[in-house]
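Down below is the structure, laid out as structure tokens.
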Amino acid sequence: MAKQKLDIGFFSSMYSQVNGTAIACRNLAEGIAKYTGHNVHVYAPGIQKPKNIPKNLYLHNFFGAKISPKTGFVLSMPIHKYFFCSHDYLDIAHVHTHGPFGSMAINWAKYLGIPMAGTHNSPLSFYTTQYIPVFGKLLSRMDWIWRYERHVLDKYDLVSVATKSKKGLLRNQRFKEPIVCLTNGISDLYYKNVKENGIRDKYNLDNKKILLYASRLSPEKNQLNVIKSFFKINKEVPNSHLVLVGSDGPSTGHVKKLIRKKRYRDIVTYLGRVPFTDLLKLYNTADISCLWSWIEAEGLVLIESMAQGTPTVGSNSCGISDVIRHGKTGYLVDDLDSFNERVVELFKDDDLRAEMGKNAKKVAEQYRISSVAKTWVKLYKFIINELYPLRYYKKERKNRVELVKEFLHELPIASF
């Protein structure tokens, strides 16, 4: 039976970096510790300990080599730790990336006799392309990476994904049930009521219609295509302005070079990483927020914008299609011509923009990390008490699947 106060192990190759997977892992770890009182132990490389964290959040840093300065990715292969686990207080392992630290979690869980949950965010083939120079591109083209992920995730008692479209992607790649759909959630701080307080003046954006693109500068985010396309938008709406916010990435040099050109220099601004309070104000003051990538675990930046009452426009793609409610909180589009049309439509219609912003703020309430954290604790106890014994005694997988389906009726923000 599950203890009254759990000790939960988080295993991830990314924790302190600025990318969706790391942020989702960090938000959930802090959320569970803060809002539920359970102990969370994070095992990851390159951890940068923040100033204020809950006392029951324990960070176990592993040595590694930073192989990609622009992304902050730290390669760590703690082979010497794989088979020797001294952390015998753990009640459950929650795996967030499925490479070296996923393998370590599996070995530890077997040694300790504890269950495992796994969250699948971006495919491993995506990470290898973005974070491992040259060799990573070769690896991403091989089917064995998908085979490896299937093999690893098959060992977990339960797998979670952030959206139904992401589950569809995994099922098409022959991943096995039970796979639960549960949002990664965003920090409750994003729901704070803020005012502009001179944010437009600070960044020279007065009297502008702002299209905000908040994301790390990376090829899969397609910022270069959005910048080029925005030139046409500006022709339709002369006082429009594209604002790029986010950390450096593989595309940083290309983006900076492009926006220095004469046709873009007065209509596009790249602010880089900004203080959190400024980010909130930019979400709040933006007229529209956008995201143009073709695979996302969820698209957290869209939810962050929605929490501040900003309508969104994004690609009709995996992850994003589950977040934007087409015609209610924003628009889903299939190509850049349609993207331009929808952005121009929203820029020109203040009433429609206000209505969609109001709807977006209401929908965003279901993504609060405080609610997500409490839901995960219920899942952990369910896995410990009911799912793990079925796998331990080698019962048929379909028994686990049916049990999960039945239990999910008790969790409003989770689904099968």
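As shown in the structure tokens, the chain order sets the letters A, B, ...; within each chain, residues go from 1, and ligands are also counted from 1 in the order they appear.
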Looking only at strand (DSSP E or B) from DSSP on the backbone, list the matching residues of segment 84-312 of chain A as JSON, numbers by chain.
-> {"A": [92, 93, 94, 95, 116, 117, 118, 119, 158, 159, 160, 161, 179, 180, 181, 182, 186, 209, 210, 211, 212, 213, 214, 240, 241, 242, 243, 244, 245, 268, 269, 270, 271, 272, 288, 289, 290, 291, 295, 312]}
Mind checking DSSP for segment 278-355 of chain A and telling me the alpha helix (DSSP H) residues as a PyMOL selection string?
-> chain A and resi 278-285+300-307+320-323+336-348+350-355
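Across the model, the gap from atom CA of Arg397 of chain A to atom CA of His96 of chain A is 22.3 Å.
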Can you list, as a list in words, every protein, DNA or RNA residue that comes within 10 Å of Ser165 of chain A when you count only C-alpha atoms, leaving out same-chain residues fewer than 5 positions away?
-> Leu170, Arg171, Cys181, Ile295, Glu296, Ala297, Glu298, Ser317, Cys318, Gly319, Ile320, Ser321 and Asp322 of chain A
Option closest in space to Thr36 of chain A, from A:Ser371, A:Asn19, A:Ser247, A:Asn172 [counting only C-alpha atoms] | A:Ser371
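Across the structure, atom CA of Gly253 of chain A and atom CA of Leu75 of chain A are spaced 23.5 Å apart.
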Please provide as number ranges by chain all residues within 12 Å of segment 336-351 of chain A, with the sequence filter that same-chain residues fewer than 2 positions apart are discarded (counting only C-alpha atoms).
-> A: 208-212, 222-242, 286-293, 310-316, 326-327, 329-334, 353-358
Contacts of Trp376 of chain A at 10 Å (only C-alpha atoms; same-chain gap of 3+ positions) as a PDB file with N, CA and C atoms, in the first residue's frame:
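This is the output file result-v1.pdb:
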```pdb
ATOM      1  N   LEU A  28       6.341  20.305 -12.724  1.00  0.00           N
ATOM      2  CA  LEU A  28       5.635  19.237 -12.007  1.00  0.00           C
ATOM      3  C   LEU A  28       6.334  18.895 -10.698  1.00  0.00           C
ATOM      4  N   ILE A  32       4.266  19.370  -7.298  1.00  0.00           N
ATOM      5  CA  ILE A  32       3.935  18.277  -6.368  1.00  0.00           C
ATOM      6  C   ILE A  32       4.459  18.601  -4.973  1.00  0.00           C
ATOM      7  N   THR A  36       1.159  19.500  -2.776  1.00  0.00           N
ATOM      8  CA  THR A  36       0.670  18.243  -2.195  1.00  0.00           C
ATOM      9  C   THR A  36       1.440  17.828  -0.943  1.00  0.00           C
ATOM     10  N   LEU A 182      -2.706  13.477 -20.111  1.00  0.00           N
ATOM     11  CA  LEU A 182      -2.761  14.409 -18.983  1.00  0.00           C
ATOM     12  C   LEU A 182      -1.820  15.571 -19.271  1.00  0.00           C
ATOM     13  N   SER A 371      -3.452  21.812  -9.995  1.00  0.00           N
ATOM     14  CA  SER A 371      -4.421  20.738 -10.261  1.00  0.00           C
ATOM     15  C   SER A 371      -3.735  19.517 -10.855  1.00  0.00           C
ATOM     16  N   VAL A 372      -2.798  19.750 -11.757  1.00  0.00           N
ATOM     17  CA  VAL A 372      -2.076  18.643 -12.390  1.00  0.00           C
ATOM     18  C   VAL A 372      -1.287  17.854 -11.348  1.00  0.00           C
ATOM     19  N   ALA A 373      -0.639  18.563 -10.434  1.00  0.00           N
ATOM     20  CA  ALA A 373       0.163  17.905  -9.393  1.00  0.00           C
ATOM     21  C   ALA A 373      -0.708  16.993  -8.525  1.00  0.00           C
ATOM     22  N   LEU A 379      -2.674   9.392  -9.290  1.00  0.00           N
ATOM     23  CA  LEU A 379      -2.194   8.359 -10.204  1.00  0.00           C
ATOM     24  C   LEU A 379      -1.074   7.535  -9.580  1.00  0.00           C
ATOM     25  N   TYR A 380      -0.148   8.189  -8.890  1.00  0.00           N
ATOM     26  CA  TYR A 380       0.941   7.459  -8.238  1.00  0.00           C
ATOM     27  C   TYR A 380       0.386   6.412  -7.264  1.00  0.00           C
ATOM     28  N   LYS A 381      -0.555   6.826  -6.441  1.00  0.00           N
ATOM     29  CA  LYS A 381      -1.116   5.894  -5.448  1.00  0.00           C
ATOM     30  C   LYS A 381      -1.878   4.761  -6.132  1.00  0.00           C
ATOM     31  N   PHE A 382      -2.566   5.081  -7.209  1.00  0.00           N
ATOM     32  CA  PHE A 382      -3.273   4.057  -7.990  1.00  0.00           C
ATOM     33  C   PHE A 382      -2.284   3.065  -8.593  1.00  0.00           C
ATOM     34  N   LEU A 411     -10.801  11.238 -12.520  1.00  0.00           N
ATOM     35  CA  LEU A 411      -9.831  12.326 -12.722  1.00  0.00           C
ATOM     36  C   LEU A 411     -10.334  13.246 -13.837  1.00  0.00           C
ATOM     37  N   ALA A 414      -7.796  14.210 -16.752  1.00  0.00           N
ATOM     38  CA  ALA A 414      -7.065  13.129 -17.425  1.00  0.00           C
ATOM     39  C   ALA A 414      -8.054  12.308 -18.242  1.00  0.00           C
TER      40      ALA A 414
END
```
Selection: 12 Å around Leu57 of chain A, only C-alpha atoms, excl. self and same-chain fewer than 2 positions, as JSON, numbers by chain | {"A": [6, 7, 8, 9, 10, 26, 27, 28, 29, 30, 31, 32, 33, 34, 35, 36, 37, 38, 39, 40, 41, 42, 43, 49, 50, 52, 53, 54, 55, 59, 60]}
Residues just named, written with C-alpha atoms as a compact mmCIF listing (two decimals), in the first residue's frame:
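Saved as out05.txt:
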```txt
# COMPACT_ATOMS: atom_id res chain seq x y z
CA LEU A 6 5.28 9.49 -0.85
CA ASP A 7 8.90 9.73 -1.94
CA ILE A 8 8.72 10.20 -5.72
CA GLY A 9 11.77 9.90 -7.96
CA PHE A 10 11.98 12.08 -11.08
CA ARG A 26 10.59 21.24 -13.34
CA ASN A 27 7.05 22.60 -13.05
CA LEU A 28 5.64 19.24 -12.01
CA ALA A 29 8.41 18.53 -9.49
CA GLU A 30 7.94 21.92 -7.83
CA GLY A 31 4.15 21.66 -8.10
CA ILE A 32 3.93 18.28 -6.37
CA ALA A 33 6.28 19.41 -3.60
CA LYS A 34 4.50 22.73 -3.11
CA TYR A 35 0.84 21.82 -3.50
CA THR A 36 0.67 18.24 -2.20
CA GLY A 37 3.42 18.04 0.46
CA HIS A 38 4.92 14.82 -0.90
CA ASN A 39 8.69 14.44 -1.27
CA VAL A 40 10.13 14.74 -4.77
CA HIS A 41 13.68 13.61 -5.61
CA VAL A 42 15.05 14.79 -8.96
CA TYR A 43 17.93 12.88 -10.60
CA LYS A 49 19.63 25.00 -8.01
CA PRO A 50 17.17 27.93 -7.85
CA ASN A 52 13.58 29.39 -3.60
CA ILE A 53 12.37 25.82 -3.85
CA PRO A 54 10.14 23.79 -1.53
CA LYS A 55 12.00 22.10 1.32
CA LEU A 59 17.84 17.87 -6.30
CA HIS A 60 20.44 15.17 -7.02
```
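Reported to one decimal place, the separation of atom CA of Tyr392 of chain A from atom CA of Lys81 of chain A is 24.1 Å.
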With only C-alpha atoms as the counted atoms, please give the residues lying no more than 6 Å from Met306 of chain A, apart from itself and same-chain residues fewer than 4 positions off, as a compact mmCIF listing (two decimals) with N, CA and C atoms, in the first residue's frame.
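What ended up in part-v9.txt:
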```txt
# COMPACT_ATOMS: atom_id res chain seq x y z
N THR A 310 -4.91 36.06 -23.99
CA THR A 310 -4.47 36.39 -25.34
C THR A 310 -4.88 35.29 -26.33
N ALA A 360 -10.10 32.15 -24.12
CA ALA A 360 -8.79 31.53 -23.89
C ALA A 360 -8.45 31.51 -22.40
N LYS A 361 -8.72 32.61 -21.72
CA LYS A 361 -8.42 32.69 -20.29
C LYS A 361 -9.24 31.67 -19.50
N ALA A 364 -7.83 28.13 -20.19
CA ALA A 364 -6.50 27.95 -19.59
C ALA A 364 -6.56 27.49 -18.13
```
Give the answer as one residue: which of A:Asp201, A:Asp88, A:Asp154, A:Glu410 has the shortest atom-to-atom distance to Leu282 of chain A, using only C-alpha atoms?
-> A:Asp201
Using only C-alpha atoms, pick whichever of A:Val161, A:Val95, A:Met104, A:Leu90 has the shortest atom-to-atom distance to Ser122 of chain A.
-> A:Val161
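When only C-alpha atoms are used to compute distances to Val255 of chain A, the closest of the residues A:Ile47, A:Val268, A:Leu352, A:Leu300 turns out to be A:Val268.
Closest approach to Lys378 of chain A among A:Trp146, A:Phe407, A:Trp108, A:Phe276 is made by A:Phe407 (distances from only C-alpha atoms).
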